[in-house]
>>> print(open('protein.csv').read())   # CSV, C-alpha atoms and all ligand atoms
chain,number,residue,atom,x,y,z
A,1,MET,CA,-13.2,5.6,16.5
A,2,GLU,CA,-11.8,3.4,13.8
A,3,THR,CA,-9.6,0.7,15.3
A,4,GLN,CA,-9.0,-1.6,12.3
A,5,SER,CA,-5.3,-1.8,11.4
A,6,ARG,CA,-4.2,-0.4,8.1
A,7,CYS,CA,-2.1,-1.6,5.2
A,8,ILE,CA,-0.2,1.5,4.2
A,9,THR,CA,-0.1,1.8,0.4
A,10,GLY,CA,2.9,4.2,0.6
A,11,ILE,CA,1.2,6.4,-2.0
A,12,GLU,CA,0.7,9.3,0.3
A,13,GLU,CA,-2.4,10.9,-1.1
A,14,LEU,CA,-4.2,7.6,-1.3
A,15,ASP,CA,-3.3,6.7,2.3
A,16,ALA,CA,-4.7,10.1,3.4
A,17,GLU,CA,-7.9,9.5,1.4
A,18,LEU,CA,-8.3,6.1,3.1
A,19,ASN,CA,-7.6,7.5,6.6
A,20,GLY,CA,-4.2,5.8,6.9
A,21,GLY,CA,-4.4,3.0,4.3
A,22,ILE,CA,-6.4,0.0,3.1
A,23,PRO,CA,-8.0,-1.9,6.1
A,24,THR,CA,-5.7,-4.9,6.6
A,25,GLY,CA,-7.1,-8.1,5.1
A,26,SER,CA,-9.2,-6.4,2.5
A,27,THR,CA,-9.6,-7.6,-1.1
A,28,VAL,CA,-9.6,-4.6,-3.4
A,29,ILE,CA,-10.3,-4.4,-7.1
A,30,VAL,CA,-8.0,-2.0,-9.0
A,31,ALA,CA,-10.1,-1.5,-12.2
A,32,GLY,CA,-9.4,0.4,-15.4
A,33,PRO,CA,-8.7,0.1,-19.1
A,34,SER,CA,-5.5,-1.4,-20.5
A,35,GLY,CA,-2.4,0.8,-20.2
A,36,VAL,CA,-3.7,3.1,-17.5
A,37,GLY,CA,-1.3,2.0,-14.8
A,38,LYS,CA,-2.9,-0.8,-12.8
A,39,THR,CA,0.1,-3.2,-12.9
A,40,THR,CA,2.5,-0.4,-12.0
A,41,THR,CA,0.3,0.8,-9.1
A,42,CYS,CA,0.0,-2.7,-7.7
A,43,MET,CA,3.8,-3.3,-8.0
A,44,GLN,CA,4.5,0.0,-6.2
A,45,PHE,CA,2.1,-1.1,-3.5
A,46,LEU,CA,4.2,-4.3,-3.0
A,47,ALA,CA,7.5,-2.4,-3.2
A,48,ASN,CA,6.3,0.1,-0.6
A,49,GLY,CA,5.2,-2.8,1.7
A,50,ILE,CA,8.7,-4.3,1.5
A,51,LYS,CA,10.1,-1.0,2.9
A,52,LEU,CA,7.8,-1.6,5.9
A,53,GLY,CA,9.0,-5.2,6.3
A,54,GLU,CA,6.0,-6.8,4.6
A,55,LYS,CA,6.7,-9.4,1.9
A,56,GLY,CA,4.8,-9.3,-1.3
A,57,VAL,CA,3.7,-11.9,-3.9
A,58,PHE,CA,2.5,-11.0,-7.4
A,59,PHE,CA,0.6,-13.6,-9.4
A,60,THR,CA,0.6,-12.7,-13.0
A,61,ALA,CA,-2.1,-14.0,-15.3
A,62,SER,CA,-1.6,-11.5,-18.0
A,63,GLU,CA,2.0,-10.5,-18.8
A,64,PRO,CA,4.9,-13.0,-18.7
A,65,VAL,CA,7.3,-12.5,-15.8
A,66,ALA,CA,10.3,-11.4,-18.0
A,67,ARG,CA,8.2,-8.7,-19.7
A,68,LEU,CA,6.9,-7.5,-16.4
A,69,ILE,CA,10.4,-7.2,-14.9
A,70,ASN,CA,11.5,-5.4,-18.1
A,71,HIS,CA,8.8,-2.8,-17.6
A,72,LEU,CA,9.5,-2.4,-13.9
A,73,ASP,CA,13.2,-1.8,-14.5
A,74,GLY,CA,12.2,1.7,-15.7
A,75,TYR,CA,10.9,2.7,-12.2
A,76,ASP,CA,13.1,3.7,-9.2
A,77,PHE,CA,10.8,1.9,-6.7
A,78,PHE,CA,11.9,-1.4,-8.3
A,79,THR,CA,15.2,-3.2,-8.0
A,80,GLN,CA,16.1,-6.8,-8.9
A,81,ASN,CA,17.3,-7.1,-5.2
A,82,LEU,CA,13.7,-7.2,-4.0
A,83,ILE,CA,13.4,-10.5,-5.9
A,84,ASN,CA,16.9,-11.8,-5.1
A,85,GLU,CA,16.4,-11.2,-1.4
A,86,GLY,CA,13.1,-13.1,-1.5
A,87,LYS,CA,11.0,-10.1,-0.4
A,88,LEU,CA,9.1,-9.9,-3.7
A,89,SER,CA,8.0,-13.0,-5.6
A,90,ILE,CA,6.5,-12.8,-9.1
A,91,ILE,CA,4.8,-16.0,-10.1
A,92,ASP,CA,3.2,-16.9,-13.5
A,93,ILE,CA,-0.1,-18.4,-12.7
A,94,TRP,CA,-0.5,-20.0,-16.1
A,95,SER,CA,2.9,-21.8,-15.8
A,96,ILE,CA,1.7,-23.3,-12.5
A,97,SER,CA,-1.6,-24.2,-14.1
A,98,ASP,CA,0.2,-25.9,-17.0
A,99,ARG,CA,2.5,-27.8,-14.6
A,100,LEU,CA,-0.5,-29.0,-12.7
A,101,GLY,CA,-2.0,-30.2,-16.0
A,102,LEU,CA,-5.1,-28.0,-15.6
A,103,ASN,CA,-7.3,-27.3,-18.6
A,104,THR,CA,-5.9,-24.4,-20.7
A,105,GLU,CA,-9.4,-23.0,-21.6
A,106,HIS,CA,-11.9,-23.6,-18.9
A,107,TYR,CA,-11.6,-24.9,-15.4
A,108,SER,CA,-13.8,-27.4,-13.7
A,109,ILE,CA,-14.8,-26.8,-10.1
A,110,GLU,CA,-12.1,-29.2,-9.0
A,111,GLU,CA,-9.5,-27.4,-11.1
A,112,ALA,CA,-10.5,-24.0,-9.8
A,113,ASN,CA,-10.1,-25.5,-6.3
A,114,VAL,CA,-6.6,-26.8,-7.1
A,115,LEU,CA,-5.5,-23.4,-8.3
A,116,PHE,CA,-6.9,-21.7,-5.2
A,117,GLU,CA,-5.1,-24.1,-3.0
A,118,VAL,CA,-1.8,-23.5,-4.8
A,119,ILE,CA,-2.2,-19.7,-4.4
A,120,ARG,CA,-3.1,-20.2,-0.8
A,121,ASP,CA,-0.1,-22.5,-0.1
A,122,ILE,CA,2.4,-20.3,-1.9
A,123,THR,CA,1.2,-17.2,-0.1
A,124,LYS,CA,1.4,-18.9,3.3
A,125,GLU,CA,4.8,-20.4,2.6
A,126,LEU,CA,6.2,-17.1,1.5
A,127,ASP,CA,4.6,-15.4,4.6
A,128,ALA,CA,3.4,-12.7,2.3
A,129,LYS,CA,1.4,-9.8,3.8
A,130,ARG,CA,0.5,-8.3,0.4
A,131,LEU,CA,-0.8,-10.2,-2.6
A,132,VAL,CA,-1.6,-9.0,-6.1
A,133,LEU,CA,-3.5,-11.0,-8.7
A,134,ASP,CA,-3.1,-9.4,-12.2
A,135,SER,CA,-5.6,-9.8,-13.6
A,136,ILE,CA,-8.7,-11.3,-12.1
A,137,THR,CA,-10.3,-10.7,-15.5
A,138,SER,CA,-8.0,-13.3,-17.3
A,139,LEU,CA,-8.7,-15.8,-14.5
A,140,CYS,CA,-12.4,-15.2,-14.8
A,141,TYR,CA,-12.3,-16.3,-18.4
A,142,ARG,CA,-11.2,-19.8,-17.2
A,143,LEU,CA,-13.7,-19.9,-14.3
A,144,GLN,CA,-16.6,-19.6,-16.7
A,145,THR,CA,-19.6,-19.3,-14.4
A,146,ARG,CA,-20.6,-16.5,-12.1
A,147,GLU,CA,-20.9,-19.0,-9.2
A,148,MET,CA,-17.3,-20.2,-9.8
A,149,ILE,CA,-16.0,-16.6,-10.0
A,150,ARG,CA,-17.9,-15.7,-6.8
A,151,ASP,CA,-16.7,-18.8,-5.0
A,152,PHE,CA,-13.1,-18.3,-6.0
A,153,ILE,CA,-12.9,-14.6,-5.0
A,154,PHE,CA,-14.8,-15.3,-1.8
A,155,LYS,CA,-12.5,-18.2,-0.8
A,156,LEU,CA,-9.4,-16.2,-1.7
A,157,GLY,CA,-10.7,-13.2,0.3
A,158,SER,CA,-11.6,-15.2,3.4
A,159,PHE,CA,-8.2,-17.0,3.5
A,160,ILE,CA,-6.3,-13.7,2.9
A,161,ALA,CA,-8.2,-11.9,5.7
A,162,ALA,CA,-7.5,-14.8,8.0
A,163,ILE,CA,-3.7,-14.4,7.6
A,164,ASN,CA,-3.9,-10.6,7.7
A,165,CYS,CA,-2.7,-10.3,4.1
A,166,THR,CA,-4.1,-7.5,1.9
A,167,THR,CA,-5.0,-8.2,-1.7
A,168,LEU,CA,-5.3,-6.2,-4.9
A,169,LEU,CA,-7.0,-7.8,-7.9
A,170,THR,CA,-6.7,-5.9,-11.1
A,171,SER,CA,-9.7,-5.7,-13.4
A,172,GLU,CA,-9.5,-4.9,-17.0
A,173,VAL,CA,-12.4,-2.9,-18.4
A,174,PRO,CA,-13.1,-1.4,-21.8
A,175,PRO,CA,-11.8,2.2,-22.3
A,176,ARG,CA,-14.0,5.1,-21.2
A,177,VAL,CA,-16.8,2.8,-19.9
A,178,PHE,CA,-17.8,3.4,-16.3
A,179,LYS,CA,-17.6,-0.3,-15.3
A,180,TYR,CA,-15.4,-1.9,-12.7
A,181,SER,CA,-15.4,-5.5,-13.7
A,182,GLN,CA,-16.1,-7.8,-16.7
A,183,TYR,CA,-18.7,-10.0,-15.0
A,184,ASP,CA,-20.1,-7.5,-12.5
A,185,ILE,CA,-19.7,-10.1,-9.8
A,186,GLU,CA,-16.1,-9.4,-8.9
A,187,GLU,CA,-16.8,-5.9,-7.6
A,188,PHE,CA,-19.6,-7.0,-5.3
A,189,ILE,CA,-17.5,-9.5,-3.5
A,190,ALA,CA,-14.5,-7.2,-3.1
A,191,ASP,CA,-14.2,-5.0,-0.1
A,192,GLY,CA,-13.0,-2.1,-2.1
A,193,ILE,CA,-12.8,-0.6,-5.6
A,194,ILE,CA,-10.1,1.8,-6.8
A,195,PHE,CA,-10.8,3.0,-10.3
A,196,ILE,CA,-8.0,4.2,-12.6
A,197,GLY,CA,-9.4,5.9,-15.7
A,198,ASP,CA,-8.4,8.4,-18.3
A,199,ILE,CA,-10.1,11.5,-19.5
A,200,GLU,CA,-9.4,13.4,-22.6
A,201,ARG,CA,-8.2,16.9,-22.1
A,202,LYS,CA,-7.0,19.2,-24.9
A,203,GLY,CA,-6.4,16.1,-27.0
A,204,ASP,CA,-4.3,14.4,-24.3
A,205,LEU,CA,-5.4,11.5,-22.1
A,206,VAL,CA,-5.1,12.4,-18.5
A,207,ARG,CA,-5.0,9.5,-16.0
A,208,THR,CA,-7.3,9.7,-13.0
A,209,LEU,CA,-7.6,7.6,-9.8
A,210,GLN,CA,-10.6,7.4,-7.5
A,211,VAL,CA,-11.6,5.3,-4.5
A,212,ILE,CA,-15.1,4.1,-5.3
A,213,LYS,CA,-15.7,2.0,-2.2
A,214,MET,CA,-13.8,0.7,0.7
A,215,ARG,CA,-15.5,-1.3,3.4
A,216,GLY,CA,-14.4,-0.7,7.0
A,217,THR,CA,-13.3,2.9,6.6
A,218,ALA,CA,-14.6,6.4,6.0
A,219,HIS,CA,-13.1,7.8,2.8
A,220,ASN,CA,-13.4,10.6,0.4
A,221,ARG,CA,-14.2,10.2,-3.2
A,222,THR,CA,-11.8,12.8,-4.5
A,223,LYS,CA,-10.9,12.3,-8.1
A,224,PHE,CA,-7.1,12.5,-8.5
A,225,ALA,CA,-5.0,13.3,-11.6
A,226,MET,CA,-2.5,10.5,-11.7
A,227,THR,CA,1.0,10.6,-13.3
A,228,LEU,CA,3.5,7.9,-13.8
A,229,SER,CA,7.1,8.8,-13.7
A,230,SER,CA,10.3,6.8,-13.4
A,231,LYS,CA,11.4,8.6,-10.3
A,232,LYS,CA,8.2,8.6,-8.2
A,233,GLY,CA,6.1,5.9,-9.9
A,234,VAL,CA,2.5,6.9,-9.2
A,235,GLY,CA,1.9,10.5,-8.4
A,236,LEU,CA,-1.5,11.9,-7.3
A,237,SER,CA,-2.9,15.4,-7.1
A,238,PRO,CA,-6.6,16.5,-6.7
A,239,LEU,CA,-8.1,17.0,-10.1
A,240,LEU,CA,-10.3,19.8,-8.9
A,241,LYS,CA,-8.4,22.2,-6.7
A,242,ALA,CA,-10.7,23.7,-4.1
A,243,TYR,CA,-11.6,27.3,-5.2
A,244,VAL,CA,-12.0,29.8,-2.4
A,245,SER,CA,-13.6,33.1,-3.5
A,246,PRO,CA,-11.7,36.3,-2.6
A,247,GLU,CA,-14.2,37.3,0.0
A,248,HIS,CA,-13.8,34.0,1.8
A,249,ARG,CA,-10.0,34.0,1.8
A,250,PRO,CA,-8.5,34.4,5.2
A,251,MET,CA,-7.3,37.9,6.0
A,252,PRO,CA,-3.5,38.2,5.9
A,253,LEU,CA,-1.9,38.5,9.3
A,254,VAL,CA,-0.8,42.0,10.2
A,255,LYS,CA,2.2,42.4,12.4
A,256,SER,CA,2.1,45.0,15.1
A,257,SER,CA,4.6,45.9,17.8
A,258,THR,CA,2.7,43.7,20.2
A,259,GLY,CA,2.5,40.6,17.9
A,260,PHE,CA,0.0,39.5,15.2
A,261,LEU,CA,-3.3,41.3,15.0
A,301,LIG,N1,9.2,4.4,-16.7
A,301,LIG,C1,8.0,4.9,-17.0
A,301,LIG,N2,7.7,6.1,-16.6
A,301,LIG,C2,6.5,6.6,-16.9
A,301,LIG,N3,5.5,5.9,-17.5
A,301,LIG,C3,5.7,4.6,-17.8
A,301,LIG,C4,7.0,4.1,-17.6
A,301,LIG,N4,7.0,2.8,-18.0
A,301,LIG,C5,5.7,2.6,-18.5
A,301,LIG,N5,5.0,3.7,-18.4
A,301,LIG,C6,3.6,3.9,-18.8
A,301,LIG,O1,2.8,2.9,-18.1
A,301,LIG,C7,1.8,2.4,-18.9
A,301,LIG,C8,1.6,1.0,-18.6
A,301,LIG,O2,1.2,0.9,-17.3
A,301,LIG,P1,0.6,-0.5,-16.7
A,301,LIG,O3,0.8,-0.4,-15.3
A,301,LIG,O4,1.3,-1.7,-17.4
A,301,LIG,O5,-0.9,-0.4,-17.2
A,301,LIG,P2,-2.1,-1.5,-17.0
A,301,LIG,O6,-1.6,-2.6,-16.1
A,301,LIG,O7,-3.2,-0.7,-16.5
A,301,LIG,O8,-2.3,-2.0,-18.4
A,301,LIG,C9,2.4,2.6,-20.3
A,301,LIG,O9,1.3,2.8,-21.2
A,301,LIG,C10,3.3,3.7,-20.2
A,301,LIG,O10,2.6,4.9,-20.7
A,302,MG,MG,-1.4,-4.6,-16.5
>>> encode(input="protein.csv", output="structure tokens", more="lines below")
Ligand SMILES: Nc1ncnc2c1ncn2[C@@H]1O[C@H](COP(=O)(O)OP(=O)(O)O)[C@@H](O)[C@H]1O
Ligand SMILES: [Mg+2]
Amino acid sequence: METQSRCITGIEELDAELNGGIPTGSTVIVAGPSGVGKTTTCMQFLANGIKLGEKGVFFTASEPVARLINHLDGYDFFTQNLINEGKLSIIDIWSISDRLGLNTEHYSIEEANVLFEVIRDITKELDAKRLVLDSITSLCYRLQTREMIRDFIFKLGSFIAAINCTTLLTSEVPPRVFKYSQYDIEEFIADGIIFIGDIERKGDLVRTLQVIKMRGTAHNRTKFAMTLSSKKGVGLSPLLKAYVSPEHRPMPLVKSSTGFL
């Protein structure tokens, strides 16, 4: 029997797929091409956590905070109150980096350590139980080497697990390429991978979501069709509905005077 506690994503179909949610303390890569819905999915994960009394912190290394909030305003799951009440914190990682006087192109090992310590201290101070880093790809550009990338994700993952916080790292990949990370290394260190892709169907691009791996839990690998709407945010439905041939369909129940036959 699985005993590990779960971080409920609040996206029903995804929680069902994961046997209740992401194992608490995991570091999960949310990979996919630009515009597919990674940031939105991660924000909804944080907003859903707040409903369960878990604070969230979102470190942005791609979009500026104001633009991010502007996009989020279009979704019902987001209200400015989440921020005003201190339940959701959105932090621009590059502003911190600049304030600390870190190199704007490539980090030295010491600089990477300083950034890790800042993320660690902020997360601890906020008492966040959910963390998002959007995107790990932009951060990797500054970390330069595979060793530094591995070290950074490993250290972040160990710290996060120790405080029972669950982390999503977004990973930007080229369109219609079956790849989960830029440097290959990120996906090996992460406990899980959720891939959001798009497939062309009758000239339209249909979004898809699939759990590729998740350590610490049994899970299916159903490919879902994913929709984004203002009201629901992320919506999932199985892409291939199970087909049951007529001869295998259950017989309809026939009512008799003594009950169902
Ligand atoms: N209110 C909305 N309702 C439905 N879809 C939206 C809404 N706002 C933005 N989108 C869609 O979300 C996409 C951006 O999603 P985003 O999470 O930023 O993607 P990514 O982080 O993968 O680049 C846009 O391309 C747009 O199609
Ligand atoms: Mg994004």
>>> atom_distance(input="protein.csv", atom1="CA of Ser62 in chain A", atom2="CA of Tyr141 in chain A")
11.7 Å
>>> closest_atom_pairs(input="protein.csv", of="chain A", to="ligand LIG 301 (chain A)", cutoff="10 Å", atoms="only C-alpha atoms and all ligand atoms", output="tab-separated table")
residue	atom	partner	partner_atom	distance
A:Val30	CA	A:LIG301	O7	9.0
A:Ala31	CA	A:LIG301	O7	8.2
A:Gly32	CA	A:LIG301	O7	6.4
A:Pro33	CA	A:LIG301	O7	6.1
A:Ser34	CA	A:LIG301	O8	3.9
A:Gly35	CA	A:LIG301	O8	3.3
A:Val36	CA	A:LIG301	O7	4.0
A:Gly37	CA	A:LIG301	O3	3.2
A:Lys38	CA	A:LIG301	O7	3.7
A:Thr39	CA	A:LIG301	O6	3.7
A:Thr40	CA	A:LIG301	O3	3.7
A:Thr41	CA	A:LIG301	O3	6.3
A:Cys42	CA	A:LIG301	O3	8.0
A:Met43	CA	A:LIG301	O3	8.4
A:Gln44	CA	A:LIG301	O3	9.8
A:Ser62	CA	A:LIG301	O6	9.1
A:Glu63	CA	A:LIG301	O4	8.9
A:Leu68	CA	A:LIG301	O4	8.1
A:Asn70	CA	A:LIG301	N4	9.4
A:His71	CA	A:LIG301	N4	5.9
A:Leu72	CA	A:LIG301	N4	7.1
A:Asp73	CA	A:LIG301	N1	7.7
A:Gly74	CA	A:LIG301	N1	4.2
A:Tyr75	CA	A:LIG301	N1	5.1
A:Asp76	CA	A:LIG301	N1	8.5
A:Asp134	CA	A:LIG301	O6	8.0
A:Ser135	CA	A:LIG301	O6	8.6
A:Thr170	CA	A:LIG301	O6	7.9
A:Ser171	CA	A:LIG301	O7	8.8
A:Glu172	CA	A:LIG301	O7	7.6
A:Val173	CA	A:LIG301	O7	9.6
A:Ile196	CA	A:LIG301	O7	7.9
A:Gly197	CA	A:LIG301	O7	9.1
A:Thr227	CA	A:LIG301	C2	7.7
A:Leu228	CA	A:LIG301	C2	4.5
A:Ser229	CA	A:LIG301	C2	3.9
A:Ser230	CA	A:LIG301	N2	4.2
A:Lys231	CA	A:LIG301	N2	7.7
A:Lys232	CA	A:LIG301	N2	8.8
A:Gly233	CA	A:LIG301	N2	6.9
A:Val234	CA	A:LIG301	C2	8.7
>>> write_last_selection(input="protein.csv", atoms="C-alpha atoms", output="PDB file, in the coordinates of the input")
ATOM      1  CA  VAL A  30      -8.000  -2.000  -9.000  1.00  0.00           C
ATOM      2  CA  ALA A  31     -10.100  -1.500 -12.200  1.00  0.00           C
ATOM      3  CA  GLY A  32      -9.400   0.400 -15.400  1.00  0.00           C
ATOM      4  CA  PRO A  33      -8.700   0.100 -19.100  1.00  0.00           C
ATOM      5  CA  SER A  34      -5.500  -1.400 -20.500  1.00  0.00           C
ATOM      6  CA  GLY A  35      -2.400   0.800 -20.200  1.00  0.00           C
ATOM      7  CA  VAL A  36      -3.700   3.100 -17.500  1.00  0.00           C
ATOM      8  CA  GLY A  37      -1.300   2.000 -14.800  1.00  0.00           C
ATOM      9  CA  LYS A  38      -2.900  -0.800 -12.800  1.00  0.00           C
ATOM     10  CA  THR A  39       0.100  -3.200 -12.900  1.00  0.00           C
ATOM     11  CA  THR A  40       2.500  -0.400 -12.000  1.00  0.00           C
ATOM     12  CA  THR A  41       0.300   0.800  -9.100  1.00  0.00           C
ATOM     13  CA  CYS A  42       0.000  -2.700  -7.700  1.00  0.00           C
ATOM     14  CA  MET A  43       3.800  -3.300  -8.000  1.00  0.00           C
ATOM     15  CA  GLN A  44       4.500   0.000  -6.200  1.00  0.00           C
ATOM     16  CA  SER A  62      -1.600 -11.500 -18.000  1.00  0.00           C
ATOM     17  CA  GLU A  63       2.000 -10.500 -18.800  1.00  0.00           C
ATOM     18  CA  LEU A  68       6.900  -7.500 -16.400  1.00  0.00           C
ATOM     19  CA  ASN A  70      11.500  -5.400 -18.100  1.00  0.00           C
ATOM     20  CA  HIS A  71       8.800  -2.800 -17.600  1.00  0.00           C
ATOM     21  CA  LEU A  72       9.500  -2.400 -13.900  1.00  0.00           C
ATOM     22  CA  ASP A  73      13.200  -1.800 -14.500  1.00  0.00           C
ATOM     23  CA  GLY A  74      12.200   1.700 -15.700  1.00  0.00           C
ATOM     24  CA  TYR A  75      10.900   2.700 -12.200  1.00  0.00           C
ATOM     25  CA  ASP A  76      13.100   3.700  -9.200  1.00  0.00           C
ATOM     26  CA  ASP A 134      -3.100  -9.400 -12.200  1.00  0.00           C
ATOM     27  CA  SER A 135      -5.600  -9.800 -13.600  1.00  0.00           C
ATOM     28  CA  THR A 170      -6.700  -5.900 -11.100  1.00  0.00           C
ATOM     29  CA  SER A 171      -9.700  -5.700 -13.400  1.00  0.00           C
ATOM     30  CA  GLU A 172      -9.500  -4.900 -17.000  1.00  0.00           C
ATOM     31  CA  VAL A 173     -12.400  -2.900 -18.400  1.00  0.00           C
ATOM     32  CA  ILE A 196      -8.000   4.200 -12.600  1.00  0.00           C
ATOM     33  CA  GLY A 197      -9.400   5.900 -15.700  1.00  0.00           C
ATOM     34  CA  THR A 227       1.000  10.600 -13.300  1.00  0.00           C
ATOM     35  CA  LEU A 228       3.500   7.900 -13.800  1.00  0.00           C
ATOM     36  CA  SER A 229       7.100   8.800 -13.700  1.00  0.00           C
ATOM     37  CA  SER A 230      10.300   6.800 -13.400  1.00  0.00           C
ATOM     38  CA  LYS A 231      11.400   8.600 -10.300  1.00  0.00           C
ATOM     39  CA  LYS A 232       8.200   8.600  -8.200  1.00  0.00           C
ATOM     40  CA  GLY A 233       6.100   5.900  -9.900  1.00  0.00           C
ATOM     41  CA  VAL A 234       2.500   6.900  -9.200  1.00  0.00           C
TER      42      VAL A 234
END
>>> atom_distance(input="protein.csv", atom1="CA of Ile91 in chain A", atom2="CA of Val57 in chain A")
7.5 Å
>>> atom_distance(input="protein.csv", atom1="CA of Arg201 in chain A", atom2="CA of Arg176 in chain A")
13.2 Å
>>> closest_residue(input="protein.csv", among="A:Asn103, A:Val132, A:Ile8, A:Ser108", to="ligand MG 302 (chain A)", atoms="only C-alpha atoms and all ligand atoms")
A:Val132
>>> closest_residue(input="protein.csv", among="A:Lys124, A:Thr60, A:Ala162, A:Leu143", to="Leu102 in chain A", atoms="all atoms listed in the file")
A:Leu143
>>> residues_around(input="protein.csv", residues="Phe224 in chain A", least_positions_apart="2", cutoff="7 Å", atoms="only C-alpha atoms", output="count of residues only")
9
>>> residues_around(input="protein.csv", residues="Arg6 in chain A", least_positions_apart="2", cutoff="7 Å", atoms="all atoms listed in the file", output="PyMOL selection string")
chain A and resi 4+8+20-24
>>> write_last_selection(input="protein.csv", atoms="C-alpha atoms", output="mmCIF file, in the frame of the given file")
data_model
loop_
_atom_site.group_PDB
_atom_site.id
_atom_site.type_symbol
_atom_site.label_atom_id
_atom_site.label_comp_id
_atom_site.auth_asym_id
_atom_site.auth_seq_id
_atom_site.Cartn_x
_atom_site.Cartn_y
_atom_site.Cartn_z
ATOM 1 C CA GLN A 4 -9.000 -1.600 12.300
ATOM 2 C CA ILE A 8 -0.200 1.500 4.200
ATOM 3 C CA GLY A 20 -4.200 5.800 6.900
ATOM 4 C CA GLY A 21 -4.400 3.000 4.300
ATOM 5 C CA ILE A 22 -6.400 0.000 3.100
ATOM 6 C CA PRO A 23 -8.000 -1.900 6.100
ATOM 7 C CA THR A 24 -5.700 -4.900 6.600
#
>>> residues_around(input="protein.csv", residues="Asn164 in chain A", least_positions_apart="6", cutoff="9 Å", atoms="all atoms listed in the file", output="ChimeraX atom specification")
/A:24-26,129-130
>>> residues_around(input="protein.csv", residues="Gly10 in chain A", least_positions_apart="2", cutoff="9 Å", atoms="only C-alpha atoms", output="list in words")
Cys7, Ile8, Glu12, Glu13, Leu14, Asp15, Gly21, Gln44, Phe45, Ala47, Asn48 and Gly49 of chain A
>>> write_last_selection(input="protein.csv", atoms="C-alpha atoms", output="compact mmCIF listing (two decimals), in the frame of the given file")
# COMPACT_ATOMS: atom_id res chain seq x y z
CA CYS A 7 -2.10 -1.60 5.20
CA ILE A 8 -0.20 1.50 4.20
CA GLU A 12 0.70 9.30 0.30
CA GLU A 13 -2.40 10.90 -1.10
CA LEU A 14 -4.20 7.60 -1.30
CA ASP A 15 -3.30 6.70 2.30
CA GLY A 21 -4.40 3.00 4.30
CA GLN A 44 4.50 0.00 -6.20
CA PHE A 45 2.10 -1.10 -3.50
CA ALA A 47 7.50 -2.40 -3.20
CA ASN A 48 6.30 0.10 -0.60
CA GLY A 49 5.20 -2.80 1.70
>>> closest_residue(input="protein.csv", among="A:Gly235, A:Gly216, A:Gly192, A:Pro64", to="ligand MG 302 (chain A)", atoms="all atoms listed in the file")
A:Pro64
>>> build_atoms(input="protein.csv", residues="range 65-78 of chain A", atoms="N, CA and C atoms", output="PDB file, in the coordinates of the input")
ATOM      1  N   VAL A  65       6.454 -13.082 -16.846  1.00  0.00           N
ATOM      2  CA  VAL A  65       7.300 -12.500 -15.800  1.00  0.00           C
ATOM      3  C   VAL A  65       8.438 -11.647 -16.377  1.00  0.00           C
ATOM      4  N   ALA A  66       9.098 -12.156 -17.427  1.00  0.00           N
ATOM      5  CA  ALA A  66      10.300 -11.400 -18.000  1.00  0.00           C
ATOM      6  C   ALA A  66       9.841 -10.055 -18.496  1.00  0.00           C
ATOM      7  N   ARG A  67       8.687  -9.980 -19.155  1.00  0.00           N
ATOM      8  CA  ARG A  67       8.200  -8.700 -19.700  1.00  0.00           C
ATOM      9  C   ARG A  67       7.850  -7.729 -18.582  1.00  0.00           C
ATOM     10  N   LEU A  68       7.267  -8.296 -17.563  1.00  0.00           N
ATOM     11  CA  LEU A  68       6.900  -7.500 -16.400  1.00  0.00           C
ATOM     12  C   LEU A  68       8.096  -6.863 -15.751  1.00  0.00           C
ATOM     13  N   ILE A  69       9.133  -7.671 -15.555  1.00  0.00           N
ATOM     14  CA  ILE A  69      10.400  -7.200 -14.900  1.00  0.00           C
ATOM     15  C   ILE A  69      11.019  -6.126 -15.805  1.00  0.00           C
ATOM     16  N   ASN A  70      10.958  -6.362 -17.087  1.00  0.00           N
ATOM     17  CA  ASN A  70      11.500  -5.400 -18.100  1.00  0.00           C
ATOM     18  C   ASN A  70      10.839  -4.034 -17.903  1.00  0.00           C
ATOM     19  N   HIS A  71       9.510  -4.030 -17.767  1.00  0.00           N
ATOM     20  CA  HIS A  71       8.800  -2.800 -17.600  1.00  0.00           C
ATOM     21  C   HIS A  71       9.130  -2.110 -16.251  1.00  0.00           C
ATOM     22  N   LEU A  72       9.233  -2.958 -15.223  1.00  0.00           N
ATOM     23  CA  LEU A  72       9.500  -2.400 -13.900  1.00  0.00           C
ATOM     24  C   LEU A  72      10.861  -1.807 -13.750  1.00  0.00           C
ATOM     25  N   ASP A  73      11.799  -2.320 -14.549  1.00  0.00           N
ATOM     26  CA  ASP A  73      13.200  -1.800 -14.500  1.00  0.00           C
ATOM     27  C   ASP A  73      13.226  -0.301 -14.764  1.00  0.00           C
ATOM     28  N   GLY A  74      12.194   0.241 -15.406  1.00  0.00           N
ATOM     29  CA  GLY A  74      12.200   1.700 -15.700  1.00  0.00           C
ATOM     30  C   GLY A  74      11.773   2.522 -14.486  1.00  0.00           C
ATOM     31  N   TYR A  75      11.403   1.890 -13.387  1.00  0.00           N
ATOM     32  CA  TYR A  75      10.900   2.700 -12.200  1.00  0.00           C
ATOM     33  C   TYR A  75      11.946   2.551 -11.060  1.00  0.00           C
ATOM     34  N   ASP A  76      12.153   3.675 -10.363  1.00  0.00           N
ATOM     35  CA  ASP A  76      13.100   3.700  -9.200  1.00  0.00           C
ATOM     36  C   ASP A  76      12.647   2.836  -8.059  1.00  0.00           C
ATOM     37  N   PHE A  77      11.313   2.641  -7.903  1.00  0.00           N
ATOM     38  CA  PHE A  77      10.800   1.900  -6.700  1.00  0.00           C
ATOM     39  C   PHE A  77      11.190   0.386  -6.863  1.00  0.00           C
ATOM     40  N   PHE A  78      11.572  -0.020  -8.078  1.00  0.00           N
ATOM     41  CA  PHE A  78      11.900  -1.400  -8.300  1.00  0.00           C
ATOM     42  C   PHE A  78      13.348  -1.695  -8.451  1.00  0.00           C
TER      43      PHE A  78
END
